[in-house]
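Asker: What follows is a single structure, and I will ask about it in a moment.
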Amino acid sequence: IKHLRSAADLDAETATLILDTAGEMAALAGREVKKLPTLRGRTVVNLFYEDSTRTRISFEAAAKRLSADVINFSAKGSSVSKGESLKDTALTLQAMGADAVVIRHPASGAPHRLASWVDGSVINAGDGTHEHPTQALLDAYTMRSRLGRIAGLRVVIVGDVLHSRVARSNVLLLSTLGAKVTLVGPPTLVPVDIAAALEPSTEVSYDLDSVLPDADVVMMLRVQTERMQDSFFPSAREYSRRYGLDVPRMRKLPEHAIVMHPGPMNRGMEIAPEVADSSRSTIVEQVANGVSARMAVLYLLLGGKA
Ligand code: CP
């Protein structure tokens, strides 16, 4: 494939190749091979119109470990503030010879538009409430490395599904790889039609306590108050009481189950600090795995093997 705009761009074979390649990247890093010459002479542009800590830094680290030249573009402080359009910005990057553009943008669909304006590969690093496919890849990689497989896993995704690009990409990728996904949250934040439109096999529950005993993975989502109207969200206290993962709820999980969160977290709202910092939590591991997964995506897209 040339672009990674959606998790739906990945069939099971391609997704598995990316996860296997991420494993090889992680193994090399474990053997102190910090830098590979693979993308020497290639240019990767990180084009970020929205804030990011993990995704931006890990794409930069991934590109640098593959010896690519990296240009970091942040909309803040650029000519975007003078009204320059995404298209004109894209054409400017094109003139500078970008081989890959990693884009985060508040508008759903921005990576698709960008791909029609530039010759290089476009990688979606989060577009509005639409998708975040490399997050889903690093999450799948984390599940596979902790639990040994993805097919057959029962994955419970909890919280603000309505605004979550992480949830959308995870539903698509995990279903492709044979996991069974259940979306859980208040009815205003988990509309049944979202689940059905994404992937018909996805289940919906409004009762977190009832699904925890059968879960292999519980993935807590950030409550995105910045994208929300008051009507969606009664109160932080009520939300936390019904859908927050605290220690008593965590004890309802099977012994082997893991707790995930893409970050950034609202500690004390969707996840208790004791749960986030517990041995079941893979939150820090997910960040480390993000570098390997993004190395694999850059390597395969620019190396022409996927
Ligand atoms: N998980 C994630 O996308 O985090 P950032 O917003 O910090 O990149």
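Ordering of the structure tokens sets the chain letters (A, B, ...); residue numbers start at 1 within each chain; ligands are numbered from 1 in the order shown.
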Can I get the residues close to ligand 1 as a PyMOL selection string, where close means within 10 Å and we count only C-alpha atoms and all ligand atoms?
Answerer: chain A and resi 48+50-59+104+125-126+132-136+138-139+165-166+221-222+261-265+283+286-287+290
Asker: Generate a file of the selected residues that holds C-alpha atoms, formatted as a PDB file, in the first residue's frame.
Answerer:
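Result written to again.pdb:
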ATOM      1  CA  PHE A  48       0.596  18.589  12.920  1.00  0.00           C
ATOM      2  CA  GLU A  50      -3.522  19.520  16.406  1.00  0.00           C
ATOM      3  CA  ASP A  51      -1.607  19.025  19.631  1.00  0.00           C
ATOM      4  CA  SER A  52       0.178  15.738  20.225  1.00  0.00           C
ATOM      5  CA  THR A  53       2.817  14.357  22.552  1.00  0.00           C
ATOM      6  CA  ARG A  54       3.094  10.603  21.897  1.00  0.00           C
ATOM      7  CA  THR A  55       2.281  10.419  18.182  1.00  0.00           C
ATOM      8  CA  ARG A  56       4.432  13.340  17.060  1.00  0.00           C
ATOM      9  CA  ILE A  57       7.458  12.354  19.121  1.00  0.00           C
ATOM     10  CA  SER A  58       7.248   8.666  18.211  1.00  0.00           C
ATOM     11  CA  PHE A  59       6.934   9.366  14.477  1.00  0.00           C
ATOM     12  CA  ARG A 104      -2.734  15.143  12.288  1.00  0.00           C
ATOM     13  CA  ALA A 125      -1.771  10.450  12.636  1.00  0.00           C
ATOM     14  CA  GLY A 126      -5.331  11.277  13.765  1.00  0.00           C
ATOM     15  CA  HIS A 132      -5.942   7.003  14.135  1.00  0.00           C
ATOM     16  CA  PRO A 133      -4.687   3.855  12.388  1.00  0.00           C
ATOM     17  CA  THR A 134      -1.132   3.775  13.773  1.00  0.00           C
ATOM     18  CA  GLN A 135      -2.574   3.909  17.311  1.00  0.00           C
ATOM     19  CA  ALA A 136      -4.623   0.814  16.459  1.00  0.00           C
ATOM     20  CA  LEU A 138       0.523  -0.179  18.257  1.00  0.00           C
ATOM     21  CA  ASP A 139      -2.428  -1.314  20.376  1.00  0.00           C
ATOM     22  CA  ARG A 165     -10.721   8.082  16.393  1.00  0.00           C
ATOM     23  CA  VAL A 166      -8.772   5.527  18.454  1.00  0.00           C
ATOM     24  CA  LEU A 221     -10.750   6.002  26.228  1.00  0.00           C
ATOM     25  CA  ARG A 222     -10.106   9.607  27.116  1.00  0.00           C
ATOM     26  CA  HIS A 261      -5.268   3.558  27.423  1.00  0.00           C
ATOM     27  CA  PRO A 262      -3.989   5.460  24.374  1.00  0.00           C
ATOM     28  CA  GLY A 263      -3.193   8.593  26.415  1.00  0.00           C
ATOM     29  CA  PRO A 264      -3.405  11.339  27.328  1.00  0.00           C
ATOM     30  CA  MET A 265      -5.346  10.201  30.406  1.00  0.00           C
ATOM     31  CA  ILE A 283       0.061   2.305  29.047  1.00  0.00           C
ATOM     32  CA  GLN A 286       2.026   1.191  24.388  1.00  0.00           C
ATOM     33  CA  VAL A 287       4.129   4.346  24.037  1.00  0.00           C
ATOM     34  CA  GLY A 290       4.419   3.095  19.179  1.00  0.00           C
TER      35      GLY A 290
END
Asker: Which of stretch 2-164 of chain A counts as alpha helix (DSSP H) under DSSP, as a VMD selection string please?
Answerer: chain A and resid 12 to 30 54 to 65 86 to 95 110 to 115 133 to 147
Asker: Just the residues within 10 Å of A:Leu10, please, counting only C-alpha atoms, with nothing from its chain fewer than 6 positions along; format it as a ChimeraX atom specification.
Answerer: /A:1,4,16,18,133,172-173,176-177,306
Asker: Can you tell me how far atom CA of A:Val259 sits from atom CA of A:Ser281, in Å to one decimal?
Answerer: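 Taking atom CA of A:Val259 as the start and atom CA of A:Ser281 as the end point, the length is 4.6 Å.
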Asker: Show which residues sit within 10 Å of A:Leu189, as a list in words. Count only C-alpha atoms, and ignore same-chain residues fewer than 3 positions away.
Answerer: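 The neighbour list is Val158, Gly159, Asp160, Val161, Leu162, His163, Ser164, Val184, Gly185, Pro186, Val192, Ile194, Tyr206, Val223, Met228, Phe232 and Phe233 of chain A.
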Asker: Produce a file of the selected residues containing N, CA and C atoms, as a PDB file, in the first residue's frame.
Answerer:
ATOM      1  N   VAL A 158     -13.947   1.214  26.221  1.00  0.00           N
ATOM      2  CA  VAL A 158     -14.859   1.869  27.166  1.00  0.00           C
ATOM      3  C   VAL A 158     -14.768   3.392  27.108  1.00  0.00           C
ATOM      4  N   GLY A 159     -15.918   4.042  26.982  1.00  0.00           N
ATOM      5  CA  GLY A 159     -15.975   5.481  27.211  1.00  0.00           C
ATOM      6  C   GLY A 159     -16.549   6.289  26.084  1.00  0.00           C
ATOM      7  N   ASP A 160     -15.813   7.328  25.732  1.00  0.00           N
ATOM      8  CA  ASP A 160     -16.289   8.325  24.773  1.00  0.00           C
ATOM      9  C   ASP A 160     -16.030   7.847  23.340  1.00  0.00           C
ATOM     10  N   VAL A 161     -16.757   6.800  22.962  1.00  0.00           N
ATOM     11  CA  VAL A 161     -16.574   6.203  21.627  1.00  0.00           C
ATOM     12  C   VAL A 161     -16.966   7.208  20.536  1.00  0.00           C
ATOM     13  N   LEU A 162     -17.986   8.000  20.829  1.00  0.00           N
ATOM     14  CA  LEU A 162     -18.531   8.928  19.824  1.00  0.00           C
ATOM     15  C   LEU A 162     -17.446   9.829  19.227  1.00  0.00           C
ATOM     16  N   HIS A 163     -16.532  10.316  20.075  1.00  0.00           N
ATOM     17  CA  HIS A 163     -15.524  11.262  19.600  1.00  0.00           C
ATOM     18  C   HIS A 163     -14.173  10.598  19.366  1.00  0.00           C
ATOM     19  N   SER A 164     -14.126   9.257  19.455  1.00  0.00           N
ATOM     20  CA  SER A 164     -12.816   8.597  19.505  1.00  0.00           C
ATOM     21  C   SER A 164     -12.355   8.013  18.176  1.00  0.00           C
ATOM     22  N   VAL A 184     -18.424  -0.012  25.169  1.00  0.00           N
ATOM     23  CA  VAL A 184     -19.168   0.242  26.403  1.00  0.00           C
ATOM     24  C   VAL A 184     -19.088   1.724  26.760  1.00  0.00           C
ATOM     25  N   GLY A 185     -20.212   2.289  27.191  1.00  0.00           N
ATOM     26  CA  GLY A 185     -20.220   3.681  27.632  1.00  0.00           C
ATOM     27  C   GLY A 185     -21.650   4.137  27.769  1.00  0.00           C
ATOM     28  N   PRO A 186     -21.839   5.400  28.146  1.00  0.00           N
ATOM     29  CA  PRO A 186     -23.208   5.915  28.231  1.00  0.00           C
ATOM     30  C   PRO A 186     -23.839   5.971  26.843  1.00  0.00           C
ATOM     31  N   VAL A 192     -25.610   3.050  19.017  1.00  0.00           N
ATOM     32  CA  VAL A 192     -25.592   1.700  18.441  1.00  0.00           C
ATOM     33  C   VAL A 192     -25.240   1.747  16.944  1.00  0.00           C
ATOM     34  N   ILE A 194     -23.200   3.622  15.380  1.00  0.00           N
ATOM     35  CA  ILE A 194     -21.751   3.751  15.149  1.00  0.00           C
ATOM     36  C   ILE A 194     -21.140   2.361  15.067  1.00  0.00           C
ATOM     37  N   TYR A 206     -24.095  -1.060  27.822  1.00  0.00           N
ATOM     38  CA  TYR A 206     -24.082   0.155  28.635  1.00  0.00           C
ATOM     39  C   TYR A 206     -23.754  -0.187  30.087  1.00  0.00           C
ATOM     40  N   VAL A 223     -12.040  10.835  27.899  1.00  0.00           N
ATOM     41  CA  VAL A 223     -13.265  11.611  27.713  1.00  0.00           C
ATOM     42  C   VAL A 223     -12.856  12.946  27.077  1.00  0.00           C
ATOM     43  N   MET A 228     -17.067  18.096  23.130  1.00  0.00           N
ATOM     44  CA  MET A 228     -18.381  17.706  23.637  1.00  0.00           C
ATOM     45  C   MET A 228     -19.289  18.867  23.951  1.00  0.00           C
ATOM     46  N   PHE A 232     -24.026  15.667  26.218  1.00  0.00           N
ATOM     47  CA  PHE A 232     -23.431  14.342  26.098  1.00  0.00           C
ATOM     48  C   PHE A 232     -22.970  13.790  27.437  1.00  0.00           C
ATOM     49  N   PHE A 233     -22.736  14.679  28.384  1.00  0.00           N
ATOM     50  CA  PHE A 233     -21.911  14.310  29.510  1.00  0.00           C
ATOM     51  C   PHE A 233     -22.491  14.869  30.792  1.00  0.00           C
TER      52      PHE A 233
END
Asker: Hey, which of A:Lys2, A:His112, A:Arg144, A:Arg242 ends up closest to A:His130? Count only C-alpha atoms.
Answerer: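 Ranking A:Lys2, A:His112, A:Arg144, A:Arg242 by distance to A:His130, first place goes to A:His112.
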Asker: Which polymer residues have any atom within 7 Å of an atom of stretch 70-83 of chain A, counting only C-alpha atoms, with same-chain residues fewer than 4 positions away left out, as a PyMOL selection string?
Answerer: chain A and resi 43-49+60+63-64
Asker: Which residues, written as a ChimeraX atom specification, have at least one atom at most 12 Å from A:Asp193, with only C-alpha atoms counted and residues fewer than 6 positions away on the same chain left out?
Answerer: /A:161-162,183,187,199-200,202-204
Asker: With a distance cut-off of 12 Å and only C-alpha atoms, select the neighbouring residues of A:Ser279, excluding the residue or stretch itself and same-chain residues fewer than 3 positions from it, and output the selection as a list in words.
Answerer: Arg146, Met250, Glu255, His256, Ala257, Ile258, Val259, Met260, Glu274, Val275, Ala276, Thr282, Ile283, Val284 and Glu285 of chain A
